[in-house]
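Asks: Got a structure for you, questions after.
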Amino acid sequence: SLKNGMLFSVCISEDEIMLTQNIMLTRSAIVILLIISLFIVITVMLTKGIVKLVYNDTLTGAGNTTAYRECTDGINKQIISGNNVKFAVAVIDINDLKKINDGYGHEYGDMLIQSAASVLKKVWNKNVYRIGGDEFAVVMMNVDDAKVKQEVLRFEEELENFKKQNSAEELRLQMAIGTAVYNTETDGEYADVFRRADGAMYKDKKYKKSIKNPL
């Protein structure tokens, strides 16, 4: 090299060249690993988001009809296979939602649907499915009659707690519930259990309305 008019020779050993190359390769490898890691994180997040969209109800966060069908199909397969499956179904419906929508608007009605789902998820967590506009189903696995009764009591308690904490909705968020436990002697498929739970729910709805509006 030329410095102050004088020529100097610069001698770089092979070891130094190799060290420089290794440093560059290491840095490149780190960058590549970071890019791969970022890609994996983004892929996982997108996958979770897609799964949530596919299986979760957008309004309430409860399982949607797709998730519900997969659950019930799985139970039916176990029944057909002769497995010793134990389960119960709860059907829950919001009382007088049409009147609420007509009187207060659909936004208020949607808020009640969300509130109903929140109460249900406190008791049954991920086993709650929104199967209609104001109708929910809960699938309880490995339970008997005694356990189901306990769960229903918990539900009624959570509903009362919600109404106490939200006095503006106290007279409006009313839910009817009916349950049925799978009986190997009388139930040939999931739908048989659901029908009995649905019938029990309508009986509960009629009873609660008679208390609210006595003759």
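As shown in the structure tokens, the chain order sets the letters A, B, ...; within each chain, residues go from 1, and ligands are also counted from 1 in the order they appear.
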Please, which residues of segment 50-195 of chain A, numbered as in this document, come out helix (DSSP H, G or I) from DSSP, as a ChimeraX atom specification?
Replies: /A:50-55,65-81,97-104,106-127,145-165,167-169,190-195
Asks: Using only C-alpha atoms, tabulate the residues of segment 139-212 of chain A lying at most 10 Å from any atom of segment 120-127 of chain A, each with its closest atom pair and that distance in Å to one decimal, by chain and increasing residue number, as JSON lines.
Replies:
{"residue": "A:Val139", "atom": "CA", "partner": "A:Asn127", "partner_atom": "CA", "distance": 5.7}
{"residue": "A:Met140", "atom": "CA", "partner": "A:Asn127", "partner_atom": "CA", "distance": 7.0}
{"residue": "A:Met141", "atom": "CA", "partner": "A:Asn127", "partner_atom": "CA", "distance": 9.2}
{"residue": "A:Glu151", "atom": "CA", "partner": "A:Val123", "partner_atom": "CA", "distance": 7.2}
{"residue": "A:Val152", "atom": "CA", "partner": "A:Val123", "partner_atom": "CA", "distance": 8.8}
{"residue": "A:Leu153", "atom": "CA", "partner": "A:Val123", "partner_atom": "CA", "distance": 9.9}
{"residue": "A:Arg154", "atom": "CA", "partner": "A:Val123", "partner_atom": "CA", "distance": 6.7}
{"residue": "A:Phe155", "atom": "CA", "partner": "A:Val123", "partner_atom": "CA", "distance": 6.1}
{"residue": "A:Glu156", "atom": "CA", "partner": "A:Leu120", "partner_atom": "CA", "distance": 9.8}
{"residue": "A:Glu157", "atom": "CA", "partner": "A:Val123", "partner_atom": "CA", "distance": 9.8}
{"residue": "A:Glu158", "atom": "CA", "partner": "A:Lys122", "partner_atom": "CA", "distance": 7.7}
{"residue": "A:Leu159", "atom": "CA", "partner": "A:Leu120", "partner_atom": "CA", "distance": 8.5}
Asks: With only C-alpha atoms as the basis for distance, which of A:Leu25, A:Leu33, A:Ala146, A:Met175 is at the shortest distance from Leu97 of chain A?
Replies: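 Ranked by minimum distance to Leu97 of chain A, first place goes to A:Met175.
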Asks: Excluding segment 69-74 of chain A and residues on its chain fewer than 4 positions from it, collect all residues at most 7 Å away from it, counting only C-alpha atoms, and give them as a list in words.
Replies: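 Surrounding residues, per the criterion: Thr65, Gln78 and Tyr190 of chain A.
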Asks: May I ask which of the residues A:His106, A:Asn101, A:Asp145, A:Ile92 is the closest one to Lys205 of chain A, counting only C-alpha atoms?
Replies: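 The answer is A:Ile92, which sits nearest to Lys205 of chain A.
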Asks: DSSP on the backbone, then: every residue of segment 13-197 of chain A marked strand (DSSP E), written as JSON, numbers by chain.
Replies: {"A": [87, 88, 89, 90, 91, 92, 93, 94, 128, 129, 130, 135, 136, 137, 138, 139, 140, 141, 175, 176, 177, 178, 179, 180, 181]}
Asks: Of the residues A:Ile32, A:Leu112, A:Ile131, A:Ile79, which is the one nearest to Asp57 of chain A, using only C-alpha atoms?
Replies: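 Looking only at the distances to Asp57 of chain A, the closest residue turns out to be A:Ile131.
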Asks: Could you check how far atom CA of Ala197 of chain A sits from atom CA of Ala180 of chain A, in Å to one decimal?
Replies: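 Atom-to-atom, atom CA of Ala197 of chain A to atom CA of Ala180 of chain A, that is 4.7 Å.
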Asks: So which residues touch Asp204 of chain A within 6 Å, counting only C-alpha atoms, skipping near sequence neighbours fewer than 3 positions away, as a ChimeraX atom specification?
Replies: /A:176,201,207
Asks: With all heavy atoms retained, could you export that selection as a tab-separated table (two decimals), in the first residue's frame?
Replies:
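Result file part-v1.tsv:
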chain	number	residue	atom	x	y	z
A	176	ALA	N	-82.46	-21.00	30.18
A	176	ALA	CA	-83.05	-22.30	30.52
A	176	ALA	C	-82.04	-23.38	30.19
A	176	ALA	O	-81.29	-23.26	29.22
A	176	ALA	CB	-84.33	-22.53	29.75
A	201	MET	N	-84.71	-28.94	28.51
A	201	MET	CA	-84.48	-27.50	28.48
A	201	MET	C	-85.79	-26.76	28.28
A	201	MET	O	-86.06	-25.75	28.95
A	201	MET	CB	-83.49	-27.16	27.36
A	201	MET	CG	-83.13	-25.68	27.26
A	201	MET	SD	-84.28	-24.69	26.26
A	201	MET	CE	-83.96	-25.36	24.63
A	207	TYR	N	-91.01	-23.55	32.96
A	207	TYR	CA	-91.08	-23.38	34.42
A	207	TYR	C	-90.58	-22.00	34.84
A	207	TYR	O	-91.23	-21.30	35.62
A	207	TYR	CB	-90.26	-24.47	35.10
A	207	TYR	CG	-90.08	-24.26	36.59
A	207	TYR	CD1	-91.16	-24.44	37.46
A	207	TYR	CD2	-88.86	-23.85	37.11
A	207	TYR	CE1	-91.00	-24.24	38.83
A	207	TYR	CE2	-88.69	-23.66	38.47
A	207	TYR	CZ	-89.77	-23.83	39.33
A	207	TYR	OH	-89.61	-23.63	40.68
Asks: So the first atom is atom CA of Ile177 of chain A and the second is atom CA of Asp93 of chain A; what is the distance between them in Å, to one decimal place?
Replies: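 So the answer is 6.7 Å.
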Asks: Between A:Gly199, A:Ile113, A:Lys206, A:Val128, which is the closest to Tyr55 of chain A once you count only C-alpha atoms?
Replies: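 Of A:Gly199, A:Ile113, A:Lys206, A:Val128, the one nearest Tyr55 of chain A, counting only C-alpha atoms, is A:Val128.
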Asks: Near Leu173 of chain A, within 12 Å and counting only C-alpha atoms, which residues show up once chain neighbours fewer than 3 positions away are dropped, as number ranges by chain?
Replies: A: 93-97, 99-100, 108-119, 134, 159-164, 166-170, 176
